[in-house]
file final-v5.txt (compact mmCIF, C-alpha atoms and all ligand atoms)
# COMPACT_ATOMS: atom_id res chain seq x y z
CA ALA A 5 97.50 125.69 94.91
CA LEU A 6 95.37 123.97 97.51
CA VAL A 7 93.54 121.11 95.81
CA SER A 8 91.17 118.35 96.83
CA MET A 9 92.68 115.00 97.60
CA ARG A 10 90.25 113.23 95.29
CA GLN A 11 91.74 115.07 92.33
CA LEU A 12 95.28 113.92 93.19
CA LEU A 13 94.28 110.33 93.90
CA ASP A 14 92.31 110.07 90.66
CA HIS A 15 95.37 111.24 88.74
CA ALA A 16 97.59 108.81 90.64
CA ALA A 17 95.22 105.93 89.80
CA GLU A 18 95.09 106.89 86.17
CA HIS A 19 98.88 106.90 85.94
CA GLY A 20 99.61 104.04 88.36
CA TYR A 21 101.61 105.78 91.05
CA GLY A 22 101.27 106.38 94.81
CA ILE A 23 101.51 109.55 96.87
CA PRO A 24 103.19 109.69 100.28
CA ALA A 25 101.07 111.57 102.83
CA PHE A 26 103.46 113.12 105.29
CA ASN A 27 102.44 114.15 108.78
CA VAL A 28 103.41 117.70 109.75
CA ASN A 29 103.77 119.33 113.12
CA ASN A 30 106.12 122.27 112.60
CA LEU A 31 107.79 124.68 110.20
CA GLU A 32 110.83 122.60 109.37
CA GLN A 33 108.76 119.56 108.38
CA VAL A 34 106.55 121.65 106.10
CA GLN A 35 109.61 123.23 104.49
CA ALA A 36 111.35 119.87 104.03
CA ILE A 37 108.33 118.36 102.27
CA MET A 38 107.88 121.37 99.99
CA GLU A 39 111.56 121.51 99.04
CA ALA A 40 111.48 117.79 98.25
CA ALA A 41 108.29 118.17 96.19
CA HIS A 42 109.76 121.15 94.36
CA GLU A 43 112.96 119.30 93.47
CA THR A 44 111.15 116.19 92.28
CA ASP A 45 108.12 117.94 90.78
CA SER A 46 105.70 116.03 93.02
CA PRO A 47 102.18 116.73 94.27
CA VAL A 48 101.92 117.06 98.05
CA ILE A 49 99.67 115.63 100.73
CA MET A 50 100.37 117.09 104.18
CA GLN A 51 98.33 115.82 107.08
CA ALA A 52 97.78 116.92 110.65
CA SER A 53 97.04 114.34 113.33
CA ALA A 54 95.21 114.96 116.59
CA GLY A 55 98.67 115.01 118.18
CA ALA A 56 99.79 117.69 115.73
CA ARG A 57 96.72 119.75 116.42
CA LYS A 58 97.45 119.48 120.13
CA TYR A 59 101.16 120.31 119.69
CA ALA A 60 101.01 123.20 117.22
CA GLY A 61 97.35 124.19 117.24
CA GLU A 62 95.06 124.13 114.23
CA GLU A 63 95.65 127.78 113.36
CA PHE A 64 99.41 127.41 113.20
CA LEU A 65 99.15 124.26 111.10
CA ARG A 66 96.69 125.87 108.73
CA HIS A 67 98.87 128.94 108.27
CA LEU A 68 102.05 126.90 107.85
CA ILE A 69 100.41 124.93 105.06
CA GLN A 70 98.98 128.12 103.58
CA ALA A 71 102.51 129.57 103.57
CA ALA A 72 103.68 126.46 101.71
CA VAL A 73 100.95 126.95 99.10
CA GLU A 74 101.92 130.61 98.62
CA SER A 75 105.64 129.87 98.43
CA TYR A 76 105.19 127.11 95.83
CA PRO A 77 102.19 128.18 93.73
CA HIS A 78 102.96 125.62 91.02
CA ILE A 79 102.72 122.61 93.37
CA PRO A 80 99.32 121.07 94.14
CA VAL A 81 98.94 120.70 97.90
CA VAL A 82 96.36 118.78 99.91
CA MET A 83 95.75 119.80 103.51
CA HIS A 84 94.38 116.64 105.10
CA GLN A 85 93.12 115.99 108.59
CA ASP A 86 94.50 112.65 109.75
CA HIS A 87 92.43 110.32 112.00
CA GLY A 88 89.38 112.44 112.77
CA GLN A 89 87.65 110.81 115.76
CA SER A 90 84.13 112.08 115.11
CA PRO A 91 81.94 113.90 112.58
CA ALA A 92 82.29 117.02 114.75
CA VAL A 93 86.09 116.96 114.54
CA CYS A 94 85.91 116.48 110.77
CA GLN A 95 83.42 119.33 110.41
CA GLY A 96 85.76 121.55 112.41
CA ALA A 97 88.59 120.81 109.99
CA ILE A 98 86.34 121.45 106.99
CA ASP A 99 85.33 124.81 108.48
CA LEU A 100 89.02 125.67 108.86
CA GLY A 101 89.63 125.02 105.17
CA PHE A 102 91.10 121.53 105.11
CA SER A 103 90.65 120.09 101.62
CA SER A 104 90.42 116.53 102.87
CA VAL A 105 89.48 114.76 106.09
CA MET A 106 89.78 111.28 107.50
CA MET A 107 86.83 109.96 109.48
CA ASP A 108 88.35 107.09 111.43
CA GLY A 109 85.24 105.20 112.44
CA SER A 110 87.10 101.95 113.01
CA LEU A 111 87.39 103.14 116.61
CA LYS A 112 84.93 104.92 118.87
CA GLU A 113 85.49 108.58 119.78
CA ASP A 114 87.80 107.63 122.65
CA GLY A 115 90.28 106.35 120.06
CA LYS A 116 90.71 102.95 121.69
CA THR A 117 87.41 101.05 121.73
CA ILE A 118 86.74 99.07 118.56
CA ALA A 119 83.59 100.34 116.93
CA ASP A 120 80.98 98.05 115.46
CA TYR A 121 80.51 98.05 111.72
CA GLU A 122 77.19 99.88 111.65
CA TYR A 123 78.64 102.73 113.73
CA ASN A 124 81.52 103.06 111.27
CA VAL A 125 79.16 103.15 108.29
CA GLU A 126 76.98 105.75 110.01
CA VAL A 127 79.69 108.25 111.05
CA THR A 128 81.58 107.89 107.77
CA ARG A 129 78.46 108.42 105.69
CA THR A 130 77.58 111.47 107.78
CA VAL A 131 80.98 113.04 107.11
CA VAL A 132 80.86 112.19 103.39
CA GLU A 133 77.50 113.93 103.01
CA ALA A 134 78.74 117.15 104.63
CA ALA A 135 82.21 117.11 103.05
CA HIS A 136 81.09 116.45 99.50
CA ARG A 137 78.74 119.43 99.60
CA GLN A 138 81.88 121.55 100.09
CA GLY A 139 84.18 119.75 97.66
CA VAL A 140 86.16 118.13 100.46
CA THR A 141 87.53 114.59 100.11
CA VAL A 142 86.86 111.89 102.70
CA GLU A 143 89.04 108.98 103.76
CA GLY A 144 87.48 106.25 105.89
CA GLU A 145 88.98 103.22 107.59
CA LEU A 146 87.78 99.66 107.83
CA GLY A 147 89.63 97.14 110.00
CA CYS A 148 91.97 97.75 112.91
CA LEU A 149 95.64 98.60 112.56
CA GLY A 150 97.74 96.30 114.67
CA SER A 151 100.30 93.56 114.75
CA LEU A 152 99.74 90.10 113.30
CA GLU A 153 102.74 88.99 115.39
CA THR A 154 101.27 89.93 118.77
CA MET A 155 97.58 90.41 117.81
CA GLN A 156 97.69 93.75 119.63
CA GLY A 157 96.30 97.04 118.33
CA ASP A 158 98.81 99.85 118.01
CA LYS A 159 99.11 102.01 121.08
CA GLU A 160 102.52 103.56 120.75
CA ASP A 161 101.20 107.00 119.91
CA GLY A 162 98.17 106.87 122.15
CA HIS A 163 95.46 105.89 119.69
CA GLY A 164 94.67 102.35 118.64
CA ALA A 165 92.51 99.45 119.70
CA GLU A 166 92.89 98.06 123.19
CA GLY A 167 93.33 94.39 123.98
CA THR A 168 93.90 91.31 121.87
CA LEU A 169 92.42 91.44 118.40
CA SER A 170 91.28 88.69 116.07
CA MET A 171 92.62 87.98 112.60
CA GLU A 172 89.27 89.21 111.23
CA GLN A 173 89.77 92.58 112.92
CA LEU A 174 93.40 92.93 111.87
CA LEU A 175 92.76 92.20 108.18
CA THR A 176 90.14 94.18 106.29
CA ASP A 177 87.53 91.89 104.76
CA PRO A 178 87.15 92.49 100.99
CA GLU A 179 83.44 91.76 100.93
CA GLN A 180 82.74 94.07 103.87
CA ALA A 181 84.96 96.69 102.24
CA ALA A 182 82.79 96.60 99.14
CA ASP A 183 79.65 97.06 101.25
CA PHE A 184 81.35 99.89 103.20
CA VAL A 185 82.36 101.81 100.06
CA ARG A 186 78.92 101.39 98.53
CA ARG A 187 77.10 102.59 101.64
CA THR A 188 79.39 105.47 102.57
CA GLN A 189 80.47 106.71 99.13
CA LEU A 190 83.86 107.69 100.54
CA ASP A 191 86.76 108.73 98.31
CA ALA A 192 89.58 106.67 99.81
CA LEU A 193 89.63 103.60 102.01
CA ALA A 194 92.28 102.93 104.66
CA ILE A 195 92.77 99.21 105.14
CA ALA A 196 94.27 96.96 107.81
CA ILE A 197 96.92 94.55 106.50
CA GLY A 198 99.25 94.14 109.48
CA THR A 199 100.81 97.59 109.66
CA SER A 200 100.69 99.73 112.77
CA HIS A 201 101.74 103.25 113.71
CA GLY A 202 105.10 104.16 115.18
CA ALA A 203 108.62 102.74 115.03
CA TYR A 204 107.88 99.28 116.48
CA LYS A 205 105.89 97.51 113.79
CA PHE A 206 107.65 94.18 113.29
CA THR A 207 110.26 92.23 115.26
CA ARG A 208 111.78 90.97 112.00
CA LYS A 209 111.81 91.93 108.34
CA PRO A 210 108.16 91.25 107.52
CA THR A 211 107.05 88.35 105.38
CA GLY A 212 103.58 87.64 103.99
CA ASP A 213 102.27 86.13 107.24
CA ILE A 214 102.66 89.42 109.16
CA LEU A 215 102.33 91.99 106.34
CA SER A 216 99.60 90.99 103.94
CA ILE A 217 100.08 92.49 100.50
CA LYS A 218 97.96 89.52 99.42
CA ARG A 219 95.03 91.14 101.24
CA VAL A 220 95.64 94.39 99.34
CA LYS A 221 95.32 92.42 96.11
CA GLU A 222 92.11 90.73 97.27
CA ILE A 223 90.54 94.06 98.24
CA HIS A 224 91.65 95.65 94.96
CA ALA A 225 90.18 92.73 92.98
CA ARG A 226 86.83 93.35 94.68
CA LEU A 227 87.09 97.19 94.49
CA PRO A 228 89.21 98.02 91.44
CA ASN A 229 88.08 101.66 91.35
CA THR A 230 88.55 102.52 95.03
CA HIS A 231 91.63 104.43 96.15
CA LEU A 232 93.29 102.46 98.95
CA VAL A 233 95.29 103.99 101.80
CA MET A 234 98.05 102.38 103.81
CA HIS A 235 98.59 103.76 107.31
CA GLY A 236 101.61 102.90 109.40
CA SER A 237 103.75 102.80 106.28
CA SER A 238 107.08 104.08 107.51
CA SER A 239 109.95 101.84 106.46
CA VAL A 240 112.01 102.48 109.60
CA PRO A 241 115.38 102.58 107.79
CA GLN A 242 118.06 100.57 109.58
CA ASP A 243 120.70 103.20 108.79
CA LEU A 244 118.70 105.84 110.65
CA LEU A 245 118.31 103.53 113.65
CA ALA A 246 122.06 102.93 113.58
CA GLU A 247 122.79 106.66 113.43
CA ILE A 248 120.45 107.36 116.34
CA ARG A 249 122.16 104.64 118.40
CA GLU A 250 125.64 105.82 117.42
CA PHE A 251 124.97 109.29 118.78
CA GLY A 252 123.45 108.36 122.12
CA GLY A 253 119.94 107.22 121.26
CA ASP A 254 118.37 104.10 122.71
CA MET A 255 116.16 102.32 120.18
CA LYS A 256 115.42 98.61 120.22
CA GLU A 257 115.65 96.33 117.20
CA THR A 258 112.69 96.94 114.95
CA TYR A 259 111.51 96.77 111.34
CA GLY A 260 109.12 98.81 109.22
CA VAL A 261 107.27 98.31 105.97
CA PRO A 262 109.83 97.63 103.21
CA VAL A 263 109.66 100.08 100.32
CA GLU A 264 109.45 97.20 97.83
CA GLU A 265 106.28 95.92 99.54
CA ILE A 266 104.74 99.39 99.20
CA GLN A 267 105.76 99.46 95.54
CA GLU A 268 103.97 96.15 95.05
CA ALA A 269 100.85 97.50 96.81
CA ILE A 270 100.87 100.56 94.54
CA LYS A 271 100.31 98.16 91.62
CA TYR A 272 97.08 97.09 93.34
CA GLY A 273 95.19 100.27 94.13
CA VAL A 274 97.16 101.81 97.00
CA ARG A 275 97.35 105.54 96.24
CA LYS A 276 98.03 107.22 99.61
CA ILE A 277 100.84 106.04 101.83
CA ASN A 278 100.99 107.55 105.32
CA ILE A 279 104.43 108.38 106.68
CA ASP A 280 105.24 110.10 109.95
CA THR A 281 107.76 107.96 111.82
CA ASP A 282 110.41 107.99 109.07
CA ILE A 283 110.57 111.80 109.17
CA ARG A 284 110.82 111.67 112.96
CA LEU A 285 113.71 109.21 112.74
CA ALA A 286 115.52 111.21 110.06
CA MET A 287 115.28 114.44 112.04
CA THR A 288 116.26 112.83 115.34
CA ALA A 289 119.31 111.15 113.80
CA ALA A 290 120.46 114.46 112.31
CA VAL A 291 119.91 116.43 115.53
CA ARG A 292 121.70 113.81 117.63
CA ARG A 293 124.64 113.72 115.25
CA PHE A 294 124.94 117.50 115.07
CA LEU A 295 124.78 118.09 118.81
CA PHE A 296 127.18 115.22 119.47
CA GLU A 297 129.68 116.55 116.95
CA ASN A 298 129.18 120.18 117.97
CA PRO A 299 128.75 120.18 121.76
CA SER A 300 129.28 123.92 122.10
CA LYS A 301 126.54 124.95 119.62
CA PHE A 302 123.22 126.17 120.98
CA ASP A 303 121.44 128.03 118.17
CA PRO A 304 118.40 125.88 117.25
CA ARG A 305 118.75 126.96 113.63
CA GLU A 306 122.06 125.17 113.49
CA PHE A 307 120.66 121.77 114.48
CA LEU A 308 117.30 122.24 112.77
CA LYS A 309 119.00 122.85 109.45
CA PRO A 310 120.52 119.35 109.18
CA ALA A 311 117.27 117.93 110.57
CA ARG A 312 115.31 119.65 107.83
CA LEU A 313 117.79 118.46 105.23
CA ALA A 314 117.52 114.85 106.47
CA ALA A 315 113.71 115.01 106.32
CA LYS A 316 113.91 116.46 102.81
CA LYS A 317 116.20 113.65 101.66
CA LEU A 318 113.76 111.05 103.02
CA CYS A 319 110.84 112.75 101.26
CA ILE A 320 112.73 112.90 97.95
CA GLU A 321 113.42 109.16 98.20
CA ARG A 322 109.77 108.33 98.79
CA TYR A 323 108.57 110.61 95.96
CA GLN A 324 110.93 108.78 93.63
CA GLN A 325 110.23 105.28 94.96
CA PHE A 326 106.43 105.66 94.81
CA GLY A 327 106.48 107.11 91.29
CA THR A 328 105.11 110.47 92.47
CA ALA A 329 108.02 112.44 91.02
CA GLY A 330 107.21 114.32 87.83
CA HIS A 331 103.45 114.44 88.45
CA ALA A 332 103.02 117.88 90.07
O1 LIG B 401 98.39 108.84 113.26
C1 LIG B 401 99.53 108.63 113.58
C2 LIG B 401 100.61 109.60 113.33
O2 LIG B 401 101.85 108.96 113.39
C3 LIG B 401 100.52 110.78 114.23
O3 LIG B 401 100.87 110.53 115.53
O4 LIG B 401 99.28 111.58 117.15
O5 LIG B 401 101.73 111.30 117.69
O6 LIG B 401 100.99 112.99 116.03
P1 LIG B 401 100.70 111.65 116.67
P1 LIG B 402 103.98 105.67 110.56
O1 LIG B 402 104.00 105.72 112.06
O2 LIG B 402 104.35 104.33 110.04
O3 LIG B 402 104.82 106.75 109.95
O4 LIG B 402 102.47 105.91 110.08
C1 LIG B 402 101.91 107.20 110.05
C2 LIG B 402 100.43 107.19 109.84
O5 LIG B 402 99.81 106.20 109.49
C3 LIG B 402 99.71 108.45 110.07
O6 LIG B 402 98.33 108.34 109.95
NA NA B 403 94.69 109.82 107.15
ZN ZN B 404 97.42 106.56 110.57
call {"tool": "encode", "arguments": {"input": "final-v5.txt", "output": "structure tokens"}}
result
Amino acid sequence: ALVSMRQLLDHAAEHGYGIPAFNVNNLEQVQAIMEAAHETDSPVIMQASAGARKYAGEEFLRHLIQAAVESYPHIPVVMHQDHGQSPAVCQGAIDLGFSSVMMDGSLKEDGKTIADYEYNVEVTRTVVEAAHRQGVTVEGELGCLGSLETMQGDKEDGHGAEGTLSMEQLLTDPEQAADFVRRTQLDALAIAIGTSHGAYKFTRKPTGDILSIKRVKEIHARLPNTHLVMHGSSSVPQDLLAEIREFGGDMKETYGVPVEEIQEAIKYGVRKINIDTDIRLAMTAAVRRFLFENPSKFDPREFLKPARLAAKKLCIERYQQFGTAGHA
């Protein structure tokens, strides 16, 4: 059944586990996530980004997720709008039946100018007021995602702060977070701790100076009852990079967020872990391998099947690693 995200996050907090929130853009990704959830008995958060809405269209995404709900009636499913740029965008998603929305007021509507704090409070509070009247959950964001190695906001997928950022912008301030939660009354808070979107997060396996789990702990100490969200949380598995390279891909050396760091963060209030890139890498590796090994094949079903299977395997791993398995 379609459920509110608040309900799932409350349960996750009560039982001390995290829930991966997977981005979806097409049929095979939705199927992979549902098969993985079914096999591990996990609750599901599927989210659609602005890029997904542009690629597939809101109606297709909504009906794909609805089909998932009908096909797996025993699995709780959240349909979440990822990175809403304005109250109007969030309201549009609520009208379409999304059970959860993110109001990303850390940036202005253009998706690249850093917003001032009062603007963020104002737009987030506006969305919370409307959403809560309809039983819809709201995620907000405080702080700017970006690299503590280069002090740049993330731009790989077209949204993210422009220019050089300060340490204060790249790490969410616990005291300000407390004020933000109190004034907006949001359900879940996305925080900045050195992660960024896309495949190129870190130039080396991250240590505490460039991925601050310490900051997660400080925020959790100040806000023990707030559900925290980690964006940019793909782990960028080295074996997938190797497979992509082996079958003709060209990807530079790069590192993601290690699963053990996420597991540590889950002990300190992180309940929603956003993952898009890892599914992209898994599917691309499988498609490259299949087409390389079967150069005469041309039926998309034949290469989408191993891609779907690879995505499913990745999802199963995360459901198990985050402790989600068994909680559907
Ligand atoms: O929010 C970031 C996600 O990875 C989605 O990216 O806008 O390319 O779909 P996208
Ligand atoms: P990744 O690019 O690390 O998968 O992050 C996805 C995300 O944060 C979506 O909002
Ligand atoms: Na989100
Ligand atoms: Zn994100």
call {"tool": "axis_aligned_box", "arguments": {"input": "final-v5.txt", "around": "ligand LIG 402 (chain B)", "padding_each_side": "6 Å", "output": "JSON"}}
result
{"center_x": 101.6, "center_y": 106.4, "center_z": 110.8, "size_x": 18.5, "size_y": 16.1, "size_z": 14.6}
call {"tool": "atom_distance", "arguments": {"input": "final-v5.txt", "atom1": "atom CA of Gly147 of chain A", "atom2": "atom CA of Ile283 of chain A"}}
result
25.6 Å
call {"tool": "closest_residue", "arguments": {"input": "final-v5.txt", "among": "A:Thr211, A:Gln95, A:Gln51, A:Ser110", "to": "ligand LIG 402 (chain B)", "atoms": "only C-alpha atoms and all ligand atoms"}}
result
A:Gln51
call {"tool": "closest_residue", "arguments": {"input": "final-v5.txt", "among": "A:Pro262, A:Gly61, A:Gly236, A:Gly273", "to": "ligand NA 403 (chain B)", "atoms": "all atoms listed in the file"}}
result
A:Gly236
call {"tool": "residues_near_point", "arguments": {"input": "final-v5.txt", "point": "(93.6, 107.1, 93.1)", "cutoff": "10 Å", "atoms": "all atoms listed in the file", "output": "VMD selection string"}}
result
chain A and resid 9 to 23 191 to 192 229 to 233 270 273 to 276
